[in-house]
file work-v9.txt (compact mmCIF, C-alpha atoms and all ligand atoms)
# COMPACT_ATOMS: atom_id res chain seq x y z
CA MET T 907 9.33 30.02 23.25
CA MET T 908 9.23 27.36 20.57
CA GLU T 909 8.25 24.77 23.23
CA LYS T 910 4.62 25.58 22.73
CA PHE T 911 4.78 24.23 19.17
CA GLU T 912 4.30 20.55 18.37
CA LYS T 913 7.18 19.11 16.35
CA ASP T 914 7.35 16.91 13.23
CA VAL T 915 3.61 16.74 12.69
CA LEU T 916 2.60 14.74 9.61
CA LEU T 917 0.60 17.04 7.37
CA LYS T 918 -1.06 14.20 5.48
CA ASN T 919 -3.29 13.95 8.56
CA TYR T 920 -4.38 17.58 8.05
CA THR T 921 -5.19 17.57 4.34
CA THR T 922 -8.24 16.04 2.65
CA PHE T 923 -5.88 14.65 -0.04
CA LYS T 924 -4.10 12.65 2.71
CA ILE T 925 -0.78 13.78 1.25
CA GLY T 926 2.09 15.73 2.81
CA GLY T 927 5.25 15.17 4.84
CA PRO T 928 5.99 16.56 8.32
CA ALA T 929 5.76 20.16 9.45
CA LYS T 930 8.82 21.16 11.45
CA TYR T 931 6.52 22.98 13.88
CA PHE T 932 2.74 22.93 14.25
CA PHE T 933 0.42 25.07 16.34
CA PRO T 934 -3.39 25.09 16.62
CA ALA T 935 -4.62 28.68 17.16
CA LYS T 936 -7.93 28.81 19.01
CA THR T 937 -7.94 32.48 20.07
CA LYS T 938 -6.63 35.89 19.00
CA GLN T 939 -4.00 35.59 21.70
CA ASP T 940 -2.86 32.19 20.37
CA LEU T 941 -2.52 33.59 16.87
CA ILE T 942 -0.61 36.70 18.00
CA SER T 943 1.78 34.69 20.13
CA ALA T 944 2.46 32.15 17.34
CA ILE T 945 3.17 34.89 14.79
CA LYS T 946 5.39 36.79 17.25
CA THR T 947 7.45 33.70 18.01
CA ALA T 948 7.78 32.83 14.33
CA LYS T 949 8.87 36.40 13.49
CA GLN T 950 11.37 36.53 16.37
CA ASN T 951 12.91 33.26 15.22
CA ASP T 952 12.85 34.03 11.49
CA LEU T 953 10.64 31.03 11.00
CA PRO T 954 8.49 30.92 7.85
CA PHE T 955 4.87 30.10 8.61
CA PHE T 956 1.76 29.03 6.75
CA ILE T 957 -1.91 29.42 7.72
CA LEU T 958 -3.91 26.19 7.45
CA GLY T 959 -7.67 25.77 7.47
CA SER T 960 -9.09 22.31 6.70
CA GLY T 961 -6.42 21.59 4.11
CA SER T 962 -9.15 20.85 1.57
CA ASN T 963 -7.72 22.93 -1.25
CA LEU T 964 -4.12 22.12 -0.59
CA LEU T 965 -1.31 19.93 -1.94
CA VAL T 966 1.55 19.61 0.55
CA ASP T 967 4.99 18.47 -0.57
CA ASP T 968 6.08 14.93 0.31
CA LYS T 969 9.09 16.46 2.12
CA GLY T 970 6.72 18.46 4.33
CA TYR T 971 7.16 22.08 5.44
CA ASP T 972 10.32 23.48 6.99
CA GLY T 973 8.56 26.06 9.14
CA LEU T 974 5.52 26.59 11.35
CA ILE T 975 2.03 25.53 10.35
CA ILE T 976 -0.58 27.61 12.18
CA LYS T 977 -3.85 25.70 12.08
CA MET T 978 -6.84 28.00 12.52
CA GLU T 979 -9.08 26.53 15.19
CA ASN T 980 -11.06 29.60 16.23
CA SER T 981 -14.57 28.46 15.46
CA LYS T 982 -17.15 30.77 17.02
CA ILE T 983 -20.28 31.49 14.96
CA GLU T 984 -22.83 34.05 16.12
CA SER T 985 -25.95 35.13 14.32
CA PHE T 986 -27.68 38.48 14.49
CA ASP T 987 -31.01 37.86 12.85
CA ASN T 988 -32.76 41.18 13.31
CA GLU T 989 -34.97 41.93 10.32
CA GLU T 990 -33.20 45.00 8.95
CA ASN T 991 -29.72 43.64 9.09
CA PRO T 992 -29.52 39.86 9.38
CA ARG T 993 -25.90 38.77 9.52
CA ILE T 994 -23.49 36.19 10.87
CA TYR T 995 -20.13 36.58 12.56
CA ALA T 996 -17.98 33.55 11.82
CA GLU T 997 -14.41 32.92 12.89
CA ALA T 998 -11.89 31.73 10.34
CA GLY T 999 -11.52 28.21 11.76
CA ALA T 1000 -15.27 27.52 11.75
CA LEU T 1001 -16.28 24.80 9.32
CA LEU T 1002 -18.54 25.74 6.41
CA SER T 1003 -20.75 22.80 7.43
CA SER T 1004 -21.27 24.36 10.89
CA LEU T 1005 -21.98 27.71 9.25
CA VAL T 1006 -24.58 26.19 6.91
CA ALA T 1007 -26.18 24.37 9.88
CA GLN T 1008 -26.32 27.59 11.90
CA THR T 1009 -27.87 29.60 9.04
CA MET T 1010 -30.48 26.88 8.59
CA LYS T 1011 -31.27 26.90 12.31
CA ASN T 1012 -31.74 30.67 12.22
CA SER T 1013 -33.70 30.71 8.93
CA LEU T 1014 -30.99 32.78 7.26
CA SER T 1015 -30.58 32.33 3.53
CA GLY T 1016 -27.44 32.88 1.42
CA MET T 1017 -25.05 30.07 2.39
CA GLU T 1018 -27.01 27.05 1.10
CA TRP T 1019 -24.60 26.58 -1.85
CA ALA T 1020 -21.72 25.82 0.57
CA THR T 1021 -23.26 22.60 1.75
CA GLY T 1022 -20.84 19.71 1.18
CA ILE T 1023 -17.71 21.89 0.84
CA PRO T 1024 -15.25 20.59 3.45
CA GLY T 1025 -13.41 23.89 4.14
CA THR T 1026 -13.24 26.52 6.85
CA VAL T 1027 -14.60 30.06 6.66
CA GLY T 1028 -11.03 31.46 6.39
CA GLY T 1029 -10.09 29.12 3.55
CA ALA T 1030 -13.38 29.86 1.78
CA VAL T 1031 -12.88 33.63 2.02
CA ALA T 1032 -9.24 33.37 0.89
CA GLY T 1033 -10.12 31.26 -2.17
CA ASN T 1034 -13.52 32.90 -2.75
CA ALA T 1035 -15.01 29.41 -2.65
CA GLY T 1036 -18.25 28.96 -4.49
CA ALA T 1037 -20.65 26.62 -6.19
CA PHE T 1038 -23.72 26.88 -8.39
CA GLU T 1039 -22.67 30.37 -9.61
CA ILE T 1040 -22.61 31.81 -6.05
CA SER T 1041 -19.50 32.47 -3.99
CA MET T 1042 -18.27 33.93 -0.71
CA SER T 1043 -17.97 37.33 -2.40
CA ASN T 1044 -21.81 37.43 -2.56
CA VAL T 1045 -22.21 37.20 1.22
CA VAL T 1046 -19.07 38.69 2.78
CA LYS T 1047 -19.70 42.13 4.24
CA SER T 1048 -16.32 42.56 5.87
CA VAL T 1049 -13.31 40.55 6.99
CA GLU T 1050 -11.30 41.02 10.18
CA VAL T 1051 -7.62 40.50 9.39
CA PHE T 1052 -4.27 40.54 11.13
CA ASP T 1053 -1.93 42.62 8.99
CA ILE T 1054 1.50 41.30 9.88
CA SER T 1055 3.29 43.83 7.70
CA GLN T 1056 2.50 46.34 10.46
CA PHE T 1057 3.33 45.85 14.13
CA SER T 1058 2.56 48.26 16.98
CA GLU T 1059 5.22 49.40 19.42
CA ALA T 1060 3.99 46.68 21.77
CA GLY T 1061 4.84 44.15 19.06
CA LEU T 1062 1.25 43.40 18.12
CA PRO T 1063 0.13 42.94 14.51
CA LYS T 1064 -2.35 45.51 13.25
CA ILE T 1065 -5.96 44.34 13.21
CA ARG T 1066 -7.82 45.73 10.20
CA ILE T 1067 -11.34 45.46 8.84
CA LEU T 1068 -11.46 44.95 5.08
CA GLU T 1069 -14.80 45.71 3.46
CA ASN T 1070 -16.01 43.43 0.65
CA GLN T 1071 -14.61 45.66 -2.11
CA ASP T 1072 -11.19 45.75 -0.39
CA CYS T 1073 -10.93 41.95 -0.62
CA GLU T 1074 -10.47 42.07 -4.43
CA PHE T 1075 -12.66 39.02 -4.92
CA LYS T 1076 -12.49 37.35 -8.32
CA TYR T 1077 -13.30 33.83 -9.50
CA ARG T 1078 -11.61 31.59 -6.84
CA ASP T 1079 -9.31 34.46 -6.02
CA SER T 1080 -8.92 37.32 -3.54
CA ILE T 1081 -6.32 39.64 -2.10
CA PHE T 1082 -5.54 36.96 0.51
CA LYS T 1083 -4.13 34.63 -2.14
CA HIS T 1084 -1.58 37.29 -3.12
CA ASN T 1085 -0.74 39.01 0.16
CA GLU T 1086 0.72 36.64 2.75
CA ASN T 1087 0.73 39.45 5.31
CA LEU T 1088 -3.05 39.29 5.67
CA ILE T 1089 -4.39 36.60 7.98
CA ILE T 1090 -8.16 36.23 8.19
CA PHE T 1091 -9.43 36.05 11.76
CA SER T 1092 -13.18 36.31 11.16
CA ALA T 1093 -15.79 37.40 8.64
CA ASN T 1094 -19.10 39.22 8.84
CA LEU T 1095 -21.60 37.78 6.41
CA GLU T 1096 -24.73 39.52 5.16
CA LEU T 1097 -27.62 37.10 4.74
CA LYS T 1098 -31.36 37.32 4.17
CA ILE T 1099 -34.15 36.18 6.44
CA GLY T 1100 -35.66 33.20 4.66
CA ASP T 1101 -38.17 30.45 5.11
CA ALA T 1102 -36.75 27.50 7.08
CA GLU T 1103 -38.43 24.87 4.89
CA LYS T 1104 -37.27 26.54 1.64
CA ILE T 1105 -33.72 26.80 2.95
CA LYS T 1106 -33.76 23.10 3.86
CA THR T 1107 -35.07 22.19 0.40
CA ARG T 1108 -32.39 24.25 -1.35
CA ILE T 1109 -29.69 22.61 0.77
CA LYS T 1110 -31.01 19.18 -0.19
CA GLU T 1111 -31.14 20.13 -3.89
CA PHE T 1112 -27.55 21.40 -3.77
CA LEU T 1113 -26.42 18.23 -2.00
CA ASP T 1114 -28.14 16.03 -4.60
CA SER T 1115 -26.51 17.88 -7.48
CA ARG T 1116 -23.07 17.48 -5.90
CA GLU T 1117 -23.40 13.79 -6.69
CA SER T 1118 -20.54 13.91 -9.27
CA THR T 1119 -18.07 15.15 -6.68
CA ASN T 1120 -19.39 12.88 -3.99
CA ILE T 1121 -16.43 10.53 -4.12
CA LEU T 1122 -15.12 7.85 -1.86
CA PHE T 1123 -11.41 8.62 -2.20
CA PRO T 1124 -9.42 11.50 -0.69
CA SER T 1125 -9.07 14.56 -2.95
CA ALA T 1126 -8.56 18.32 -2.76
CA GLY T 1127 -11.60 19.38 -4.78
CA SER T 1128 -11.12 20.93 -8.21
CA VAL T 1129 -7.47 20.90 -9.23
CA PHE T 1130 -7.82 23.64 -11.88
CA LYS T 1131 -9.92 26.78 -12.25
CA ASN T 1132 -12.40 26.61 -15.10
CA PRO T 1133 -11.02 28.76 -17.95
CA LYS T 1134 -13.58 31.39 -19.04
CA GLY T 1135 -16.34 29.65 -21.01
CA TYR T 1136 -14.91 26.13 -20.53
CA SER T 1137 -15.00 23.30 -18.02
CA ALA T 1138 -11.46 22.28 -17.00
CA GLY T 1139 -12.73 18.72 -16.40
CA LYS T 1140 -14.22 18.42 -19.92
CA LEU T 1141 -11.03 19.76 -21.53
CA ILE T 1142 -8.95 17.18 -19.63
CA GLU T 1143 -11.41 14.45 -20.60
CA GLN T 1144 -11.25 15.45 -24.27
CA CYS T 1145 -7.49 14.98 -24.12
CA GLY T 1146 -8.12 11.31 -23.35
CA LEU T 1147 -6.92 11.54 -19.75
CA LYS T 1148 -10.01 10.11 -18.05
CA GLY T 1149 -8.88 7.60 -15.41
CA LYS T 1150 -5.16 8.28 -16.10
CA LYS T 1151 -2.91 7.28 -13.18
CA ALA T 1152 0.46 8.30 -11.77
CA GLY T 1153 1.39 6.06 -8.84
CA ASP T 1154 -1.66 5.96 -6.59
CA ILE T 1155 -3.15 9.22 -7.92
CA GLN T 1156 -5.88 8.96 -10.51
CA ILE T 1157 -7.79 11.48 -12.64
CA LEU T 1158 -11.36 10.69 -11.60
CA GLU T 1159 -13.34 9.15 -14.45
CA LYS T 1160 -16.65 10.84 -13.69
CA HIS T 1161 -15.15 14.29 -13.13
CA CYS T 1162 -11.68 14.82 -14.65
CA ASN T 1163 -10.99 18.02 -12.66
CA PHE T 1164 -10.85 15.89 -9.50
CA PHE T 1165 -7.71 13.86 -8.83
CA VAL T 1166 -8.08 11.15 -6.19
CA ASN T 1167 -5.68 9.39 -3.88
CA LEU T 1168 -6.24 5.65 -4.17
CA GLY T 1169 -4.10 4.90 -1.12
CA ASN T 1170 -0.46 5.84 -1.05
CA GLY T 1171 -0.50 8.79 -3.47
CA LYS T 1172 2.40 11.23 -3.35
CA ALA T 1173 2.53 14.96 -4.07
CA SER T 1174 5.01 14.14 -6.86
CA ASP T 1175 2.36 11.92 -8.52
CA VAL T 1176 -0.19 14.74 -8.34
CA LEU T 1177 2.33 17.16 -9.86
CA GLU T 1178 3.05 14.70 -12.67
CA LEU T 1179 -0.65 14.54 -13.56
CA ILE T 1180 -1.02 18.33 -13.21
CA ASN T 1181 1.80 18.82 -15.72
CA LEU T 1182 0.39 16.20 -18.07
CA ALA T 1183 -3.08 17.80 -18.00
CA LYS T 1184 -1.65 21.28 -18.54
CA GLN T 1185 0.56 20.21 -21.45
CA SER T 1186 -2.19 18.16 -23.11
CA VAL T 1187 -4.82 20.92 -22.84
CA LYS T 1188 -2.33 23.51 -24.09
CA GLN T 1189 -1.36 21.36 -27.06
CA LYS T 1190 -4.89 20.40 -28.09
CA PHE T 1191 -6.84 23.58 -27.27
CA ARG T 1192 -4.20 26.33 -26.86
CA ILE T 1193 -5.65 26.98 -23.39
CA ASP T 1194 -3.52 27.48 -20.26
CA LEU T 1195 -4.99 25.70 -17.25
CA GLN T 1196 -4.36 27.41 -13.92
CA GLU T 1197 -4.25 25.59 -10.60
CA GLU T 1198 -7.08 26.22 -8.16
CA ILE T 1199 -5.39 24.14 -5.45
CA VAL T 1200 -2.68 25.79 -3.39
CA ILE T 1201 0.68 24.03 -3.55
CA LEU T 1202 2.82 24.17 -0.42
C1 LIG B 1301 -14.73 16.92 -1.95
C2 LIG B 1301 -14.40 18.38 -2.09
C3 LIG B 1301 -15.34 19.22 -2.67
C4 LIG B 1301 -15.06 20.60 -2.84
N1 LIG B 1301 -15.98 21.41 -3.42
C5 LIG B 1301 -15.71 22.73 -3.60
C6 LIG B 1301 -16.66 23.60 -4.21
O1 LIG B 1301 -17.75 23.21 -4.60
N2 LIG B 1301 -16.33 24.92 -4.35
C7 LIG B 1301 -15.13 25.41 -3.93
O2 LIG B 1301 -14.89 26.61 -4.07
N3 LIG B 1301 -14.22 24.60 -3.34
C8 LIG B 1301 -14.47 23.28 -3.16
N4 LIG B 1301 -13.53 22.46 -2.57
C9 LIG B 1301 -12.22 23.01 -2.19
C10 LIG B 1301 -12.13 23.52 -0.74
O3 LIG B 1301 -12.96 22.77 0.13
C11 LIG B 1301 -12.48 24.98 -0.62
O4 LIG B 1301 -11.67 25.75 -1.46
C12 LIG B 1301 -12.33 25.49 0.83
O5 LIG B 1301 -12.89 26.77 0.94
C13 LIG B 1301 -10.88 25.55 1.30
O6 LIG B 1301 -10.88 25.85 2.69
P1 LIG B 1301 -9.82 25.22 3.68
O7 LIG B 1301 -10.14 25.70 5.05
O8 LIG B 1301 -9.74 23.76 3.50
O9 LIG B 1301 -8.49 25.91 3.15
P2 LIG B 1301 -7.00 25.27 3.11
O10 LIG B 1301 -6.97 24.21 2.06
O11 LIG B 1301 -6.56 24.90 4.48
O12 LIG B 1301 -6.17 26.54 2.60
C14 LIG B 1301 -6.37 27.04 1.30
C15 LIG B 1301 -5.67 28.40 1.18
O13 LIG B 1301 -6.34 29.34 2.01
C16 LIG B 1301 -5.42 29.93 2.91
N5 LIG B 1301 -6.11 30.17 4.19
C17 LIG B 1301 -6.83 29.29 4.93
N6 LIG B 1301 -7.29 29.90 6.05
C18 LIG B 1301 -6.82 31.17 6.02
C19 LIG B 1301 -6.93 32.28 6.90
N7 LIG B 1301 -7.60 32.20 8.06
N8 LIG B 1301 -6.31 33.45 6.56
C20 LIG B 1301 -5.61 33.53 5.39
N9 LIG B 1301 -5.47 32.52 4.52
C21 LIG B 1301 -6.08 31.35 4.83
C22 LIG B 1301 -4.31 28.91 3.08
O14 LIG B 1301 -3.11 29.55 3.52
C23 LIG B 1301 -4.21 28.36 1.67
O15 LIG B 1301 -3.45 29.23 0.86
C24 LIG B 1301 -13.80 21.10 -2.40
C25 LIG B 1301 -12.88 20.24 -1.80
C26 LIG B 1301 -13.17 18.89 -1.65
C27 LIG B 1301 -12.15 18.00 -1.01
call {"tool": "encode", "arguments": {"input": "work-v9.txt", "output": "structure tokens"}}
result
Amino acid sequence: MMEKFEKDVLLKNYTTFKIGGPAKYFFPAKTKQDLISAIKTAKQNDLPFFILGSGSNLLVDDKGYDGLIIKMENSKIESFDNEENPRIYAEAGALLSSLVAQTMKNSLSGMEWATGIPGTVGGAVAGNAGAFEISMSNVVKSVEVFDISQFSEAGLPKIRILENQDCEFKYRDSIFKHNENLIIFSANLELKIGDAEKIKTRIKEFLDSRESTNILFPSAGSVFKNPKGYSAGKLIEQCGLKGKKAGDIQILEKHCNFFVNLGNGKASDVLELINLAKQSVKQKFRIDLQEEIVIL
């Protein structure tokens, strides 16, 4: 049963930070059947598992993961652009960049802000990804999930549809970050029919204003959530930590909420800088920074 899984797969090759030791087992899930069979095998063998998208909001331990990594590779995107109810069906493993391209092709507006974010649809829904004051919660109509807390008599996980309000979306947060039993398979997005040229212009404007995060070194996006009314990056900068290094990890000078891997950075180096930033901001401003990145 376990033969179908790849063994000892280096996770640094599956994270944008280029950090992370080996996964004991690794399985790319392209279809519903793939996902069901991987979960069933993991459950039968008491194997912990973790759902991976693009690994662009993730810090993986240097020792790796002693379980099964299920990499979501279901990537179908279909658009239904009838005038009353324009929407898109996107599978969890589809890249946001493909989704943005498809909406542009179909003159559908609502996803322009996601241009330049290197995640998957599943990862973006789970973390309620967003930019420029817009987020997934503004476009998600419903999410198709596998609820692995419930199995049928045939041993199949329950497939449920969660409506937007059931997803408990908050700033960079959702029910999926707190309930490991819910695996996102696909999402239905509600968009608006727009003007192709205007959509293209907005995408270009968003891309131009992402200049500060347009960096040459591997990273995992924003390390911390912005505390209400503050910029995490500015707080870190005001603590004098601009450009601070631990090993090969550096707090980016032009945007202190981004930590970059200059070459051989380790998860332990990232954690050292995370702790330093948290302690410094707490001491100077009495504010608790909270991680946005997921630590595995
Ligand atoms: C250069 C750069 C710029 C970025 N800019 C932004 C930005 O502007 N705004 C923003 O919000 N983020 C940004 N990010 C962070 C990141 O790209 C997003 O958070 C993205 O949505 C994460 O998706 P992912 O597929 O990479 O998720 P992963 O990193 O693979 O996973 C993140 C979490 O989601 C869970 N998850 C993934 N797929 C599923 C699924 N199918 N079902 C259940 N859980 C799942 C994982 O288990 C994990 O807990 C940036 C990152 C980089 C590197």
call {"tool": "residues_near_ligand", "arguments": {"input": "work-v9.txt", "ligand": "ligand LIG 1301 (chain B)", "cutoff": "8 Å", "atoms": "only C-alpha atoms and all ligand atoms", "output": "MDAnalysis selection string"}}
result
chainID T and resid 921:923 956:964 978 998:999 1001:1002 1020 1022:1038 1041 1051 1078 1082:1083 1086 1088:1092 1116 1119:1121 1124:1128 1199:1201
call {"tool": "write_last_selection", "arguments": {"input": "work-v9.txt", "atoms": "C-alpha atoms", "output": "compact mmCIF listing (two decimals), keeping the file's coordinate frame"}}
result
# COMPACT_ATOMS: atom_id res chain seq x y z
CA THR T 921 -5.19 17.57 4.34
CA THR T 922 -8.24 16.04 2.65
CA PHE T 923 -5.88 14.65 -0.04
CA PHE T 956 1.76 29.03 6.75
CA ILE T 957 -1.91 29.42 7.72
CA LEU T 958 -3.91 26.19 7.45
CA GLY T 959 -7.67 25.77 7.47
CA SER T 960 -9.09 22.31 6.70
CA GLY T 961 -6.42 21.59 4.11
CA SER T 962 -9.15 20.85 1.57
CA ASN T 963 -7.72 22.93 -1.25
CA LEU T 964 -4.12 22.12 -0.59
CA MET T 978 -6.84 28.00 12.52
CA ALA T 998 -11.89 31.73 10.34
CA GLY T 999 -11.52 28.21 11.76
CA LEU T 1001 -16.28 24.80 9.32
CA LEU T 1002 -18.54 25.74 6.41
CA ALA T 1020 -21.72 25.82 0.57
CA GLY T 1022 -20.84 19.71 1.18
CA ILE T 1023 -17.71 21.89 0.84
CA PRO T 1024 -15.25 20.59 3.45
CA GLY T 1025 -13.41 23.89 4.14
CA THR T 1026 -13.24 26.52 6.85
CA VAL T 1027 -14.60 30.06 6.66
CA GLY T 1028 -11.03 31.46 6.39
CA GLY T 1029 -10.09 29.12 3.55
CA ALA T 1030 -13.38 29.86 1.78
CA VAL T 1031 -12.88 33.63 2.02
CA ALA T 1032 -9.24 33.37 0.89
CA GLY T 1033 -10.12 31.26 -2.17
CA ASN T 1034 -13.52 32.90 -2.75
CA ALA T 1035 -15.01 29.41 -2.65
CA GLY T 1036 -18.25 28.96 -4.49
CA ALA T 1037 -20.65 26.62 -6.19
CA PHE T 1038 -23.72 26.88 -8.39
CA SER T 1041 -19.50 32.47 -3.99
CA VAL T 1051 -7.62 40.50 9.39
CA ARG T 1078 -11.61 31.59 -6.84
CA PHE T 1082 -5.54 36.96 0.51
CA LYS T 1083 -4.13 34.63 -2.14
CA GLU T 1086 0.72 36.64 2.75
CA LEU T 1088 -3.05 39.29 5.67
CA ILE T 1089 -4.39 36.60 7.98
CA ILE T 1090 -8.16 36.23 8.19
CA PHE T 1091 -9.43 36.05 11.76
CA SER T 1092 -13.18 36.31 11.16
CA ARG T 1116 -23.07 17.48 -5.90
CA THR T 1119 -18.07 15.15 -6.68
CA ASN T 1120 -19.39 12.88 -3.99
CA ILE T 1121 -16.43 10.53 -4.12
CA PRO T 1124 -9.42 11.50 -0.69
CA SER T 1125 -9.07 14.56 -2.95
CA ALA T 1126 -8.56 18.32 -2.76
CA GLY T 1127 -11.60 19.38 -4.78
CA SER T 1128 -11.12 20.93 -8.21
CA ILE T 1199 -5.39 24.14 -5.45
CA VAL T 1200 -2.68 25.79 -3.39
CA ILE T 1201 0.68 24.03 -3.55
call {"tool": "atom_distance", "arguments": {"input": "work-v9.txt", "atom1": "atom CA of T:Gly1016", "atom2": "atom CA of T:Leu1097"}}
result
5.4 Å
call {"tool": "atom_distance", "arguments": {"input": "work-v9.txt", "atom1": "atom CA of T:Asp1101", "atom2": "atom CA of T:Ser1003"}}
result
19.2 Å
call {"tool": "residues_around", "arguments": {"input": "work-v9.txt", "residues": "T:Lys1151", "least_positions_apart": "5", "cutoff": "8 Å", "atoms": "all atoms listed in the file", "output": "short mmCIF file (atom, residue, chain, number, x, y, z; two decimals) with C-alpha atoms, in the coordinates of the input"}}
result
data_model
loop_
_atom_site.label_atom_id
_atom_site.label_comp_id
_atom_site.auth_asym_id
_atom_site.auth_seq_id
_atom_site.Cartn_x
_atom_site.Cartn_y
_atom_site.Cartn_z
CA GLN T 1156 -5.88 8.96 -10.51
CA ILE T 1157 -7.79 11.48 -12.64
CA LEU T 1179 -0.65 14.54 -13.56
#
call {"tool": "atom_distance", "arguments": {"input": "work-v9.txt", "atom1": "atom CA of T:Val1049", "atom2": "atom CA of T:Thr937"}}
result
16.3 Å
call {"tool": "closest_residue", "arguments": {"input": "work-v9.txt", "among": "T:Val1006, T:Ala935, T:Leu1095, T:Ala944", "to": "T:Glu979", "atoms": "all atoms listed in the file"}}
result
T:Ala935
call {"tool": "closest_residue", "arguments": {"input": "work-v9.txt", "among": "T:Asn980, T:Asn1132, T:Ser1080, T:Thr1107", "to": "T:Leu1068", "atoms": "all atoms listed in the file"}}
result
T:Ser1080
call {"tool": "residues_around", "arguments": {"input": "work-v9.txt", "residues": "T:His1161", "least_positions_apart": "3", "cutoff": "10 Å", "atoms": "only C-alpha atoms", "output": "list in words"}}
result
Ser1118, Thr1119, Ile1121, Ser1128, Ala1138, Gly1139, Lys1140, Ile1142, Glu1143, Lys1148, Gly1149, Ile1157, Leu1158, Phe1164 and Phe1165 of chain T
call {"tool": "closest_residue", "arguments": {"input": "work-v9.txt", "among": "T:Gly1169, T:Gly1100, T:Pro992, T:Gly970", "to": "T:Lys1047", "atoms": "all atoms listed in the file"}}
result
T:Pro992
call {"tool": "closest_residue", "arguments": {"input": "work-v9.txt", "among": "T:Glu1018, T:Asp1175, T:Asp1114, T:Glu997", "to": "T:Asn1094", "atoms": "only C-alpha atoms"}}
result
T:Glu997
call {"tool": "closest_residue", "arguments": {"input": "work-v9.txt", "among": "T:Lys918, T:Lys910, T:Arg1192, T:Lys1172", "to": "T:Asp1154", "atoms": "all atoms listed in the file"}}
result
T:Lys1172
call {"tool": "axis_aligned_box", "arguments": {"input": "work-v9.txt", "around": "stretch 1091-1109 of chain T", "padding_each_side": "4 Å", "output": "AutoDock Vina command-line options"}}
result
--center_x -23.9 --center_y 30.9 --center_z 5.2 --size_x 37.0 --size_y 25.3 --size_z 21.1
call {"tool": "residues_around", "arguments": {"input": "work-v9.txt", "residues": "T:Val1176", "least_positions_apart": "6", "cutoff": "9 Å", "atoms": "all atoms listed in the file", "output": "NGL selection string"}}
result
:T and (965 or 1152-1153 or 1155-1156 or 1165-1167)
call {"tool": "closest_residue", "arguments": {"input": "work-v9.txt", "among": "T:Leu953, T:Ile1099, T:Leu941, T:Met908", "to": "T:Ile994", "atoms": "all atoms listed in the file"}}
result
T:Ile1099
call {"tool": "residues_around", "arguments": {"input": "work-v9.txt", "residues": "T:Asn951", "least_positions_apart": "4", "cutoff": "12 Å", "atoms": "all atoms listed in the file", "output": "NGL selection string"}}
result
:T and (907-908 or 944-947 or 955 or 973-974)
